[in-house]
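Coordinates as given in work.cif (mmCIF, C-alpha atoms):
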```
data_final
#
loop_
_atom_site.label_atom_id
_atom_site.label_comp_id
_atom_site.auth_asym_id
_atom_site.auth_seq_id
_atom_site.Cartn_x
_atom_site.Cartn_y
_atom_site.Cartn_z
CA MET A 23 126.84 69.42 95.99
CA SER A 24 128.50 66.79 98.17
CA PRO A 25 126.49 65.66 101.21
CA VAL A 26 126.86 68.06 104.13
CA SER A 27 125.99 67.55 107.81
CA LEU A 28 125.21 70.70 109.78
CA PRO A 29 124.84 70.98 113.57
CA PHE A 30 121.21 71.89 114.27
CA TYR A 31 119.32 73.13 117.32
CA GLN A 32 115.76 74.12 118.05
CA VAL A 33 115.37 76.59 120.89
CA ASP A 34 112.29 77.98 122.62
CA ALA A 35 113.29 81.61 123.12
CA PHE A 36 111.79 83.67 125.93
CA SER A 37 110.72 80.58 127.83
CA LYS A 38 112.12 78.79 130.88
CA VAL A 39 110.47 75.52 129.87
CA PRO A 40 109.83 73.57 126.64
CA PHE A 41 106.79 74.38 124.50
CA GLY A 42 106.64 78.05 125.49
CA GLY A 43 108.02 81.24 124.00
CA ASN A 44 109.03 81.38 120.35
CA PRO A 45 110.77 78.42 118.69
CA ALA A 46 113.70 79.14 116.38
CA ALA A 47 115.98 76.82 114.46
CA VAL A 48 119.72 77.43 114.70
CA VAL A 49 122.11 76.00 112.10
CA LEU A 50 125.89 76.23 112.53
CA LEU A 51 127.96 76.78 109.36
CA ARG A 52 131.69 76.07 109.17
CA SER A 53 131.69 76.82 105.44
CA LYS A 54 129.65 79.02 103.13
CA LEU A 55 126.36 77.86 101.63
CA GLU A 56 124.56 79.68 98.82
CA ASP A 57 121.62 81.87 99.79
CA ASP A 58 119.12 79.68 97.93
CA VAL A 59 120.23 76.71 100.05
CA LEU A 60 119.82 78.73 103.25
CA GLN A 61 116.32 79.69 102.15
CA LYS A 62 115.45 76.05 101.42
CA ILE A 63 116.67 75.01 104.87
CA ALA A 64 114.50 77.71 106.46
CA ALA A 65 111.50 76.59 104.42
CA GLU A 66 112.14 72.96 105.44
CA ASN A 67 112.22 73.97 109.11
CA ASN A 68 108.97 75.93 108.64
CA LEU A 69 109.48 77.96 111.80
CA ALA A 70 109.11 81.72 112.03
CA GLU A 71 112.90 82.04 111.87
CA THR A 72 115.95 79.94 111.12
CA ALA A 73 119.23 81.47 112.28
CA PHE A 74 122.50 80.67 110.51
CA VAL A 75 125.59 81.12 112.69
CA ALA A 76 128.86 81.23 110.75
CA LEU A 77 132.51 81.92 111.50
CA THR A 78 133.70 85.41 110.67
CA SER A 79 135.94 85.69 107.61
CA ASP A 80 139.12 86.22 109.63
CA GLN A 81 138.63 83.12 111.74
CA GLU A 82 140.44 79.88 111.12
CA SER A 83 138.25 76.79 111.57
CA SER A 84 141.05 74.34 112.34
CA GLU A 85 139.81 73.88 115.92
CA SER A 86 137.76 70.79 116.63
CA ASP A 87 134.76 72.98 117.53
CA PRO A 88 135.18 76.73 116.97
CA PHE A 89 131.53 77.24 117.97
CA ALA A 90 132.45 76.19 121.50
CA SER A 91 135.58 78.34 121.73
CA ARG A 92 134.96 81.56 119.79
CA SER A 93 133.01 84.59 120.94
CA GLU A 94 132.44 86.38 117.61
CA PHE A 95 130.29 85.12 114.73
CA ASN A 96 128.31 86.15 111.67
CA LEU A 97 124.55 85.74 111.94
CA ARG A 98 121.72 85.78 109.40
CA TRP A 99 117.99 85.12 109.79
CA PHE A 100 115.51 83.61 107.33
CA THR A 101 111.76 83.10 107.57
CA PRO A 102 110.32 80.29 105.43
CA THR A 103 110.02 82.80 102.56
CA THR A 104 112.66 85.53 102.92
CA GLU A 105 115.74 86.87 104.71
CA VAL A 106 115.04 89.53 107.35
CA PRO A 107 117.27 92.37 108.61
CA LEU A 108 116.73 91.73 112.34
CA CYS A 109 115.33 88.97 114.52
CA GLY A 110 115.56 89.13 118.27
CA HIS A 111 114.26 85.74 119.32
CA ALA A 112 116.48 83.86 116.85
CA THR A 113 119.48 85.86 118.09
CA LEU A 114 118.71 84.82 121.64
CA ALA A 115 118.25 81.24 120.40
CA SER A 116 121.62 81.34 118.61
CA ALA A 117 123.40 82.34 121.81
CA ALA A 118 121.56 79.67 123.78
CA ALA A 119 122.65 77.01 121.26
CA LEU A 120 126.29 78.09 121.47
CA PHE A 121 126.21 78.17 125.27
CA ASP A 122 124.56 74.74 125.23
CA ARG A 123 127.44 73.54 123.06
CA GLY A 124 129.86 74.39 125.86
CA ASN A 125 130.88 77.91 124.89
CA GLN A 126 132.17 79.58 128.05
CA SER A 127 132.38 83.16 126.74
CA PRO A 128 130.55 85.56 129.06
CA SER A 129 129.31 87.49 126.02
CA LEU A 130 128.87 86.63 122.34
CA GLN A 131 129.08 89.12 119.48
CA PHE A 132 127.05 88.63 116.29
CA HIS A 133 127.77 90.55 113.08
CA THR A 134 124.43 91.07 111.33
CA LEU A 135 122.62 93.21 108.77
CA SER A 136 121.61 95.42 111.73
CA GLY A 137 125.13 95.84 113.09
CA VAL A 138 126.90 94.03 115.90
CA LEU A 139 124.51 92.50 118.44
CA SER A 140 125.68 91.13 121.77
CA VAL A 141 124.17 88.48 124.01
CA SER A 142 125.48 87.86 127.51
CA ARG A 143 124.69 85.43 130.30
CA GLN A 144 122.97 87.13 133.20
CA ALA A 145 122.10 84.37 135.65
CA ALA A 146 120.93 80.82 135.84
CA SER A 147 117.19 80.32 136.03
CA PRO A 148 115.36 77.06 136.69
CA GLY A 149 115.59 74.99 133.51
CA ALA A 150 117.20 77.65 131.30
CA PRO A 151 119.83 80.42 131.35
CA LEU A 152 118.76 84.05 131.53
CA LEU A 153 120.25 85.94 128.61
CA ALA A 154 120.53 89.66 127.86
CA MET A 155 120.48 90.74 124.22
CA THR A 156 121.32 94.26 123.01
CA LEU A 157 119.30 95.51 120.03
CA PRO A 158 119.39 98.86 118.19
CA LEU A 159 116.71 101.20 119.50
CA ALA A 160 113.97 101.70 116.89
CA ALA A 161 111.68 104.48 118.11
CA PRO A 162 108.40 104.58 116.15
CA CYS A 163 108.70 108.16 114.89
CA ASP A 164 108.64 107.81 111.09
CA PRO A 165 105.71 108.77 108.80
CA VAL A 166 102.97 106.14 108.86
CA PRO A 167 102.24 104.56 105.44
CA ALA A 168 98.99 106.02 104.15
CA PRO A 169 97.04 102.72 104.00
CA CYS A 170 97.73 102.20 107.73
CA ALA A 171 96.99 105.69 109.03
CA ASP A 172 93.17 105.66 108.91
CA LEU A 173 91.94 104.61 112.36
CA SER A 174 88.69 103.33 110.83
CA GLY A 175 90.27 101.87 107.70
CA PRO A 176 90.58 98.24 106.57
CA PHE A 177 94.17 97.81 107.80
CA ILE A 178 93.32 98.80 111.37
CA LYS A 179 90.16 96.69 111.39
CA ALA A 180 92.10 93.67 110.09
CA CYS A 181 94.65 93.76 112.92
CA THR A 182 92.45 94.86 115.83
CA GLY A 183 89.11 93.19 115.18
CA GLY A 184 87.44 96.54 115.79
CA LEU A 185 88.93 97.31 119.22
CA PRO A 186 89.28 101.09 119.79
CA VAL A 187 92.66 102.54 118.78
CA LYS A 188 94.52 105.37 120.50
CA GLU A 189 97.18 106.03 117.83
CA VAL A 190 99.14 104.51 114.96
CA LEU A 191 102.93 104.85 114.63
CA PHE A 192 105.66 103.50 112.37
CA THR A 193 109.37 102.78 112.38
CA GLY A 194 111.62 102.17 109.41
CA ALA A 195 114.72 101.89 111.61
CA SER A 196 116.96 98.89 110.86
CA ASN A 197 114.66 98.32 107.85
CA LEU A 198 112.08 96.86 110.23
CA ASN A 199 109.11 98.67 108.65
CA TYR A 200 106.85 97.93 111.62
CA VAL A 201 103.49 99.59 112.17
CA VAL A 202 102.61 100.09 115.84
CA VAL A 203 98.89 100.10 116.63
CA VAL A 204 98.30 101.36 120.19
CA LEU A 205 94.95 100.33 121.62
CA GLN A 206 93.00 102.54 124.00
CA ASP A 207 94.22 102.50 127.61
CA ALA A 208 91.11 100.67 128.84
CA THR A 209 91.88 97.63 126.65
CA THR A 210 92.33 94.48 128.75
CA ARG A 211 94.73 91.61 128.23
CA SER A 212 91.84 89.27 127.45
CA GLN A 213 90.55 91.64 124.76
CA LEU A 214 94.00 91.79 123.16
CA GLU A 215 94.29 88.00 123.30
CA SER A 216 90.85 87.62 121.71
CA ILE A 217 91.81 89.43 118.48
CA GLN A 218 91.45 87.20 115.43
CA PRO A 219 93.53 88.99 112.78
CA ASP A 220 92.27 89.05 109.21
CA ILE A 221 95.48 87.94 107.50
CA GLU A 222 94.13 88.30 103.97
CA GLY A 223 92.79 91.71 104.91
CA LEU A 224 96.22 92.81 106.11
CA LEU A 225 97.89 91.59 102.93
CA GLY A 226 95.29 93.34 100.82
CA ALA A 227 95.48 96.62 102.72
CA VAL A 228 99.20 97.37 102.31
CA SER A 229 102.12 95.87 100.38
CA GLY A 230 105.14 94.11 101.79
CA LYS A 231 107.30 96.83 100.24
CA GLN A 232 105.84 99.30 102.75
CA VAL A 233 105.20 97.13 105.82
CA HIS A 234 106.91 94.02 107.20
CA GLY A 235 104.93 93.61 110.41
CA VAL A 236 102.35 95.14 112.71
CA ILE A 237 102.62 95.37 116.50
CA VAL A 238 99.34 95.70 118.38
CA THR A 239 100.00 96.92 121.92
CA ALA A 240 98.15 97.94 125.07
CA PRO A 241 99.11 98.96 128.61
CA GLY A 242 100.06 96.07 130.87
CA SER A 243 98.60 95.02 134.20
CA ASN A 244 99.24 92.59 137.07
CA GLY A 245 103.00 93.09 137.11
CA TYR A 246 103.47 93.79 133.40
CA ASP A 247 104.03 97.22 131.89
CA VAL A 248 103.43 96.25 128.26
CA PHE A 249 101.20 93.79 126.41
CA SER A 250 101.51 93.13 122.69
CA ARG A 251 100.92 90.85 119.73
CA PHE A 252 102.77 90.76 116.41
CA PHE A 253 101.47 89.88 112.93
CA GLY A 254 103.84 89.54 109.96
CA PRO A 255 102.12 87.86 107.00
CA TRP A 256 104.23 89.97 104.60
CA MET A 257 107.21 87.91 105.83
CA GLY A 258 105.36 84.60 105.83
CA ILE A 259 104.49 84.77 109.56
CA SER A 260 100.77 85.08 110.34
CA GLU A 261 101.52 85.61 114.04
CA ASP A 262 104.89 85.54 115.75
CA HIS A 263 104.81 84.01 119.23
CA VAL A 264 107.38 86.32 120.89
CA THR A 265 109.16 88.98 118.86
CA GLY A 266 112.43 90.38 120.20
CA SER A 267 112.76 93.01 117.48
CA ALA A 268 109.26 94.33 118.21
CA HIS A 269 110.44 95.20 121.71
CA SER A 270 113.23 97.39 120.32
CA VAL A 271 110.26 99.48 119.15
CA LEU A 272 107.94 99.00 122.13
CA GLY A 273 110.72 99.78 124.62
CA PRO A 274 111.26 103.42 123.61
CA TYR A 275 107.52 104.00 123.06
CA TRP A 276 106.45 102.79 126.50
CA GLU A 277 109.50 104.33 128.18
CA THR A 278 108.19 107.72 127.07
CA ARG A 279 104.59 106.91 127.99
CA LEU A 280 105.42 105.52 131.45
CA ASP A 281 108.53 107.64 132.17
CA ARG A 282 110.46 104.51 133.12
CA SER A 283 113.48 102.96 131.36
CA GLU A 284 113.07 99.44 132.77
CA LEU A 285 109.93 97.62 131.69
CA SER A 286 108.34 94.21 132.02
CA ALA A 287 106.62 92.94 128.88
CA ARG A 288 104.34 90.05 127.95
CA GLN A 289 103.64 89.05 124.35
CA CYS A 290 100.14 87.64 124.36
CA SER A 291 100.25 85.00 121.64
CA GLU A 292 98.95 81.47 122.22
CA ARG A 293 102.39 80.31 123.44
CA GLY A 294 103.32 83.67 124.92
CA GLY A 295 106.56 84.87 126.42
CA GLU A 296 108.03 87.25 128.98
CA LEU A 297 110.70 89.87 128.39
CA GLN A 298 112.48 92.41 130.54
CA LEU A 299 113.44 95.63 128.74
CA ARG A 300 116.07 98.24 129.51
CA VAL A 301 116.06 101.36 127.30
CA ASP A 302 119.26 103.39 126.86
CA ARG A 303 118.54 106.34 124.57
CA THR A 304 122.05 107.75 124.97
CA ALA A 305 123.57 104.56 123.55
CA GLY A 306 120.67 104.04 121.14
CA LYS A 307 120.11 100.53 122.49
CA VAL A 308 117.39 98.39 124.02
CA THR A 309 118.49 95.46 126.15
CA VAL A 310 116.02 92.59 126.01
CA CYS A 311 116.35 89.91 128.69
CA GLY A 312 114.75 86.49 128.66
CA ALA A 313 115.26 82.79 129.13
CA ALA A 314 115.87 80.27 126.32
CA THR A 315 115.38 76.50 126.37
CA VAL A 316 117.06 74.07 123.96
CA VAL A 317 114.51 71.42 122.93
CA ILE A 318 116.27 69.69 119.99
CA ARG A 319 119.92 68.90 119.31
CA GLY A 320 120.66 67.19 116.02
CA THR A 321 122.10 67.25 112.52
CA PHE A 322 120.66 68.80 109.39
CA CYS A 323 121.67 66.66 106.37
CA ILE A 324 121.69 68.11 102.87
#
```
So, in terms of structure tokens, how does the structure I just supplied come out?
Amino acid sequence: MSPVSLPFYQVDAFSKVPFGGNPAAVVLLRSKLEDDVLQKIAAENNLAETAFVALTSDQESSESDPFASRSEFNLRWFTPTTEVPLCGHATLASAAALFDRGNQSPSLQFHTLSGVLSVSRQAASPGAPLLAMTLPLAAPCDPVPAPCADLSGPFIKACTGGLPVKEVLFTGASNLNYVVVVLQDATTRSQLESIQPDIEGLLGAVSGKQVHGVIVTAPGSNGYDVFSRFFGPWMGISEDHVTGSAHSVLGPYWETRLDRSELSARQCSERGGELQLRVDRTAGKVTVCGAATVVIRGTFCI
């Protein structure tokens, strides 16, 4: 293969400042690369997700920079080990990179394995734009895989550290295959943050064919409605810092629990991040709002 130079960005999604939120790599593709090359690029980046933004098949690329002038793109996401069907934070990061490149479109459309996702500019915030991303609603109402259903079993112990559990739910929507472990209402933010997940225990308890990730959630406090953490060792991610797709699941769950369609969420990883959620059951969508900060602009050379 002849040497290729690819525009490259690293973006801290769901953060107004550098070094917060969830970092994602964004690579812009004017021409097709084979899937094994995309996977190698994602492994080289070694971030939770690398997003590949490409022109749609009906677009001509004769412009000097179609990424600055177009509003419709194809989008794929890869962890260091596999392609995934949906990634919220890397979608937000992709839009932030395009806007940073000078794209003036008020809204961007991304064609993905989970359908067409849109990201629009909401308002300027100090240090970073505020972006609104529309994700397919993924209510956790599917049968729970048997290895995850036992509240005193090894799977639950591995992801909660023994904290008391209220209920266990599951969604297979958009091929997410996320288990939702809801802690008892008295659980505090500090208790959730203190969990040390047993990654080997999770991998040993259930296969990656059944489960792609586990969301551990508890009621919020001090201005937040929802607290959560996300573990995804089956996808090569021990813990994800801030997980947009997880909130397409948490949104409808907590909307029902709290009888409120607009929610404020905090993902309680070490870096952490803040998200605003708007649940629209009629449209089958969850709008996830957050800031995004570009921290690296460069070229990926292969």
Next on the checklist: Env of region 214-223 of chain A: 12 Å cut, atoms = only C-alpha atoms, seq-sep filter 3 positions within chain, self excluded. Answer as number ranges by chain.
Outcome noted: A: 169-170, 175-187, 203-211, 226-229, 235-242, 248-261, 263, 288-294
Next on the checklist: Env of region 107-110 of chain A: 10 Å cut, atoms = all atoms listed in the file, seq-sep filter 6 positions within chain, self excluded. Answer as a PyMOL selection string.
Outcome noted: chain A and resi 35+70-73+97-101+116+134-137+139+155-158+196-198+264-270+310
Checklist entry - Evaluating the PyMOL selection byres ((chain A and resi 201) around 6) on the displayed file yields which residues, as a ChimeraX atom specification? => result /A:191-192,200,202,236
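Of the listed residues A:Pro40, A:Ser283, A:Val166, A:Asn68, the one whose atoms come nearest to Thr304 (chain A) is A:Ser283, with distances taken using only C-alpha atoms.
Atom pair CA of Leu60 (chain A) / CA of Leu120 (chain A) has a distance of 19.3 Å (rounded to one decimal).
As for CA of Val317 (chain A) and CA of His111 (chain A), they are spaced 14.8 Å apart.
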Item to check | Residues in the PyMOL selection byres ((chain A and resi 318) around 8), expressed as a ChimeraX atom specification | outcome: /A:30-33,316-317,319-320
Next on the checklist: Please report the interatomic distance between CA of Asp262 (chain A) and CA of Asn44 (chain A) in Å with one decimal.
Outcome noted: 7.5 Å
Next on the checklist: Take the PyMOL selection byres ((chain A and resi 55-58) around 12), run it mentally on this structure, and tell me the resulting residues as a list in words.
Outcome noted: Met23, Ser24, Val26, Leu28, Val49, Leu50, Leu51, Arg52, Ser53, Lys54, Val59, Leu60, Gln61, Lys62, Ile63, Ala64, Ala65, Phe74, Val75, Ala76, Arg98, Trp99, Phe100, Pro102, Thr103, Thr104, Glu105 and Ile324 of chain A
